[in-house]
file structure27.cif (mmCIF, C-alpha atoms)
data_upload
#
loop_
_atom_site.label_atom_id
_atom_site.label_comp_id
_atom_site.auth_asym_id
_atom_site.auth_seq_id
_atom_site.Cartn_x
_atom_site.Cartn_y
_atom_site.Cartn_z
CA MET O 29 75.92 190.21 -30.48
CA ARG O 30 76.16 187.14 -28.25
CA LYS O 31 75.02 184.86 -31.07
CA THR O 32 77.70 186.29 -33.35
CA LEU O 33 80.43 185.80 -30.77
CA LEU O 34 79.22 182.28 -30.04
CA PHE O 35 79.18 181.46 -33.76
CA ILE O 36 82.73 182.80 -34.20
CA LEU O 37 83.92 180.82 -31.19
CA VAL O 38 82.33 177.56 -32.38
CA TRP O 39 83.58 178.10 -35.94
CA GLY O 40 87.10 178.82 -34.70
CA LEU O 41 87.18 175.70 -32.54
CA THR O 42 85.92 173.62 -35.46
CA VAL O 43 88.58 174.96 -37.80
CA MET O 44 91.30 174.43 -35.20
CA GLY O 45 90.07 170.87 -34.63
CA VAL O 46 90.25 170.04 -38.34
CA ALA O 47 93.67 171.65 -38.62
CA ALA O 48 94.96 169.79 -35.56
CA HIS O 49 93.62 166.49 -36.88
CA ALA O 50 95.04 167.11 -40.39
CA GLY O 51 98.51 166.01 -39.29
CA ASP O 52 97.08 162.73 -38.01
CA TRP O 53 95.44 161.72 -41.29
CA SER O 54 96.97 158.75 -43.06
CA SER O 55 97.65 158.89 -46.77
CA GLN O 56 94.71 156.52 -47.34
CA GLU O 57 92.37 158.86 -45.44
CA MET O 58 93.65 161.83 -47.43
CA LYS O 59 93.16 159.90 -50.67
CA GLN O 60 89.56 159.11 -49.72
CA TYR O 61 89.00 162.75 -48.75
CA TYR O 62 90.37 164.01 -52.08
CA GLU O 63 88.32 161.46 -54.03
CA ALA O 64 85.18 162.59 -52.20
CA GLN O 65 86.01 166.23 -52.91
CA VAL O 66 86.50 165.55 -56.63
CA ALA O 67 83.20 163.64 -56.73
CA TRP O 68 81.49 166.54 -54.97
CA GLU O 69 82.95 168.99 -57.49
CA ILE O 70 81.74 166.86 -60.43
CA ASP O 71 78.23 166.75 -58.97
CA HIS O 72 78.36 170.49 -58.34
CA CYS O 73 79.30 171.12 -61.98
CA LEU O 74 76.62 168.81 -63.34
CA GLN O 75 73.94 170.56 -61.26
CA LYS O 76 74.30 173.49 -63.63
CA CYS O 77 73.18 171.38 -66.61
CA HIS O 78 69.69 172.80 -66.43
CA LEU O 79 71.17 176.11 -67.58
CA MET O 80 71.66 174.60 -71.06
CA ASP O 81 68.00 175.34 -71.75
CA SER O 82 68.24 178.96 -70.66
CA ARG O 83 67.40 181.80 -73.02
CA SER O 84 70.49 183.65 -71.78
CA PRO O 85 73.61 183.04 -73.87
CA THR O 86 75.74 183.78 -70.81
CA LEU O 87 74.02 181.09 -68.75
CA ARG O 88 74.25 178.59 -71.62
CA ALA O 89 77.98 179.34 -71.88
CA LYS O 90 78.36 178.81 -68.12
CA ALA O 91 76.55 175.46 -68.42
CA ARG O 92 78.90 174.37 -71.23
CA GLN O 93 81.92 175.45 -69.21
CA GLU O 94 80.73 173.51 -66.15
CA ALA O 95 79.98 170.45 -68.30
CA GLY O 96 83.52 170.66 -69.69
CA LYS O 97 84.93 170.92 -66.19
CA ALA O 98 82.92 167.87 -65.09
CA GLN O 99 84.27 165.94 -68.07
CA TYR O 100 87.84 167.00 -67.25
CA LEU O 101 87.46 166.00 -63.59
CA ARG O 102 86.02 162.60 -64.52
CA THR O 103 88.75 161.94 -67.07
CA TYR O 104 91.69 162.92 -64.84
CA ARG O 105 90.23 162.02 -61.43
CA ALA O 106 92.96 159.55 -60.41
CA GLN O 107 95.77 161.81 -61.60
CA LEU O 108 94.30 164.81 -59.76
CA VAL O 109 93.99 162.84 -56.52
CA ASN O 110 97.60 161.68 -56.81
CA ASP O 111 98.75 165.24 -57.54
CA MET O 112 96.90 166.53 -54.48
CA LEU O 113 98.55 163.85 -52.35
CA ALA O 114 101.96 164.82 -53.71
CA ALA O 115 101.28 168.53 -53.13
CA GLU O 116 100.07 167.83 -49.55
CA ILE O 117 97.41 170.52 -49.73
CA GLY O 118 95.67 169.18 -46.63
CA PRO O 119 92.01 168.56 -45.81
CA SER O 120 90.68 171.95 -46.81
CA HIS O 121 87.66 172.20 -49.12
CA TYR O 122 88.75 175.65 -50.29
CA LYS O 123 92.29 174.52 -51.13
CA VAL O 124 91.00 171.47 -52.99
CA GLN O 125 88.63 173.63 -55.05
CA GLN O 126 91.43 176.09 -55.79
CA PHE O 127 93.75 173.25 -56.84
CA LEU O 128 91.12 171.72 -59.15
CA ASN O 129 90.26 175.08 -60.71
CA GLU O 130 93.92 175.88 -61.36
CA ARG O 131 94.52 172.50 -62.97
CA TYR O 132 91.38 172.81 -65.08
CA HIS O 133 92.39 176.23 -66.38
CA ASP O 134 96.09 175.33 -66.77
CA HIS O 135 95.26 172.47 -69.12
CA GLY O 136 93.35 174.70 -71.50
CA TYR O 137 89.94 173.29 -70.68
CA ALA O 138 88.55 176.61 -69.49
CA TYR O 139 85.73 176.42 -72.03
CA LEU O 140 84.45 173.41 -73.90
CA ASP O 141 81.49 173.76 -76.21
CA LEU O 142 79.89 170.37 -75.67
CA ASN O 143 76.83 168.88 -74.12
CA TYR O 144 78.24 166.59 -71.45
CA CYS O 145 75.29 166.67 -69.07
CA GLU O 146 73.80 163.30 -68.33
#

call {"tool": "encode", "arguments": {"input": "structure27.cif", "output": "C-alpha cells"}}
result
Amino acid sequence: MRKTLLFILVWGLTVMGVAAHAGDWSSQEMKQYYEAQVAWEIDHCLQKCHLMDSRSPTLRAKARQEAGKAQYLRTYRAQLVNDMLAAEIGPSHYKVQQFLNERYHDHGYAYLDLNYCE
C-alpha cells in the first residue's frame, strides 16, 4: 500500500513538473522534441518488421501496416513536425502518438501492402 501511494505521488509530481515546464519550452525545443518523437515512432514501427516472416496472416498484415506507417512518417516528417508546432499539442508522448496516428489514418495510409522494412 505504501509503495503504491509513493509511486502515485512521485508520478504525479513528475507529470506536474513536465506540465509546468511545458510553458517554458521554446519553439526550437518543441521542434526537437517532436522530431525525436517522430523518430521514436518510426523505430517503433520498424521493430515489427520481424513479423513479416510470421505464419499468421494477421501478424503479417500488422507488419505491412507498420511498415507503411514508418514510410509515411519518414516521407512527411518535416510537415508533421510543423503541424504539431502549429497545433501546440505540447510535450506529451501520448498526444504526439495520437496526432501521428490520426494523420496517418486521415491520409488513407491505414494499410499499405509493401515491404518497407530495412

call {"tool": "resolve_selection", "arguments": {"input": "structure27.cif", "expression": "the PyMOL selection byres ((chain O and resi 66) around 10)", "output": "PyMOL selection string"}}
result
chain O and resi 60-65+67-72+98+101-102+105-106+108-109+124-125+128

call {"tool": "closest_residue", "arguments": {"input": "structure27.cif", "among": "O:Glu130, O:Glu57, O:Asp81, O:Glu94", "to": "O:Gly118", "atoms": "all atoms listed in the file"}}
result
O:Glu57

call {"tool": "atom_distance", "arguments": {"input": "structure27.cif", "atom1": "atom CA of O:Ile117", "atom2": "atom CA of O:Arg131"}}
result
13.7 Å

call {"tool": "axis_aligned_box", "arguments": {"input": "structure27.cif", "around": "stretch 50-66 of chain O", "padding_each_side": "3 Å", "output": "JSON"}}
result
{"center_x": 91.8, "center_y": 161.8, "center_z": -47.3, "size_x": 19.3, "size_y": 16.6, "size_z": 24.6}

call {"tool": "resolve_selection", "arguments": {"input": "structure27.cif", "expression": "the PyMOL selection byres ((chain O and resi 76) around 10)", "output": "JSON, numbers by chain"}}
result
{"O": [71, 72, 73, 74, 75, 77, 78, 79, 80, 87, 88, 90, 91, 92, 93, 94, 95, 145]}

call {"tool": "atom_distance", "arguments": {"input": "structure27.cif", "atom1": "atom CA of O:Lys59", "atom2": "atom CA of O:His135"}}
result
22.4 Å

call {"tool": "atom_distance", "arguments": {"input": "structure27.cif", "atom1": "atom CA of O:Met112", "atom2": "atom CA of O:Ser55"}}
result
10.9 Å

call {"tool": "build_atoms", "arguments": {"input": "structure27.cif", "residues": "stretch 100-111 of chain O", "atoms": "N, CA and C atoms", "output": "PDB file, keeping the file's coordinate frame"}}
result
ATOM      1  N   TYR O 100      86.412 166.975 -67.589  1.00  0.00           N
ATOM      2  CA  TYR O 100      87.840 167.000 -67.250  1.00  0.00           C
ATOM      3  C   TYR O 100      88.085 166.295 -65.919  1.00  0.00           C
ATOM      4  N   LEU O 101      87.269 166.598 -64.913  1.00  0.00           N
ATOM      5  CA  LEU O 101      87.460 166.000 -63.590  1.00  0.00           C
ATOM      6  C   LEU O 101      87.235 164.492 -63.622  1.00  0.00           C
ATOM      7  N   ARG O 102      86.267 164.040 -64.400  1.00  0.00           N
ATOM      8  CA  ARG O 102      86.020 162.600 -64.520  1.00  0.00           C
ATOM      9  C   ARG O 102      87.178 161.903 -65.231  1.00  0.00           C
ATOM     10  N   THR O 103      87.680 162.548 -66.271  1.00  0.00           N
ATOM     11  CA  THR O 103      88.750 161.940 -67.070  1.00  0.00           C
ATOM     12  C   THR O 103      90.050 161.828 -66.286  1.00  0.00           C
ATOM     13  N   TYR O 104      90.395 162.861 -65.534  1.00  0.00           N
ATOM     14  CA  TYR O 104      91.690 162.920 -64.840  1.00  0.00           C
ATOM     15  C   TYR O 104      91.563 162.766 -63.328  1.00  0.00           C
ATOM     16  N   ARG O 105      90.501 162.145 -62.867  1.00  0.00           N
ATOM     17  CA  ARG O 105      90.230 162.020 -61.430  1.00  0.00           C
ATOM     18  C   ARG O 105      91.406 161.389 -60.675  1.00  0.00           C
ATOM     19  N   ALA O 106      91.882 160.256 -61.116  1.00  0.00           N
ATOM     20  CA  ALA O 106      92.960 159.550 -60.410  1.00  0.00           C
ATOM     21  C   ALA O 106      94.246 160.385 -60.397  1.00  0.00           C
ATOM     22  N   GLN O 107      94.565 160.990 -61.518  1.00  0.00           N
ATOM     23  CA  GLN O 107      95.770 161.810 -61.600  1.00  0.00           C
ATOM     24  C   GLN O 107      95.662 163.023 -60.668  1.00  0.00           C
ATOM     25  N   LEU O 108      94.495 163.648 -60.629  1.00  0.00           N
ATOM     26  CA  LEU O 108      94.300 164.810 -59.760  1.00  0.00           C
ATOM     27  C   LEU O 108      94.444 164.437 -58.287  1.00  0.00           C
ATOM     28  N   VAL O 109      93.880 163.291 -57.913  1.00  0.00           N
ATOM     29  CA  VAL O 109      93.990 162.840 -56.520  1.00  0.00           C
ATOM     30  C   VAL O 109      95.451 162.587 -56.177  1.00  0.00           C
ATOM     31  N   ASN O 110      96.178 161.927 -57.061  1.00  0.00           N
ATOM     32  CA  ASN O 110      97.600 161.680 -56.810  1.00  0.00           C
ATOM     33  C   ASN O 110      98.403 162.973 -56.733  1.00  0.00           C
ATOM     34  N   ASP O 111      98.062 163.943 -57.575  1.00  0.00           N
ATOM     35  CA  ASP O 111      98.750 165.240 -57.540  1.00  0.00           C
ATOM     36  C   ASP O 111      98.462 165.986 -56.243  1.00  0.00           C
TER      37      ASP O 111
END
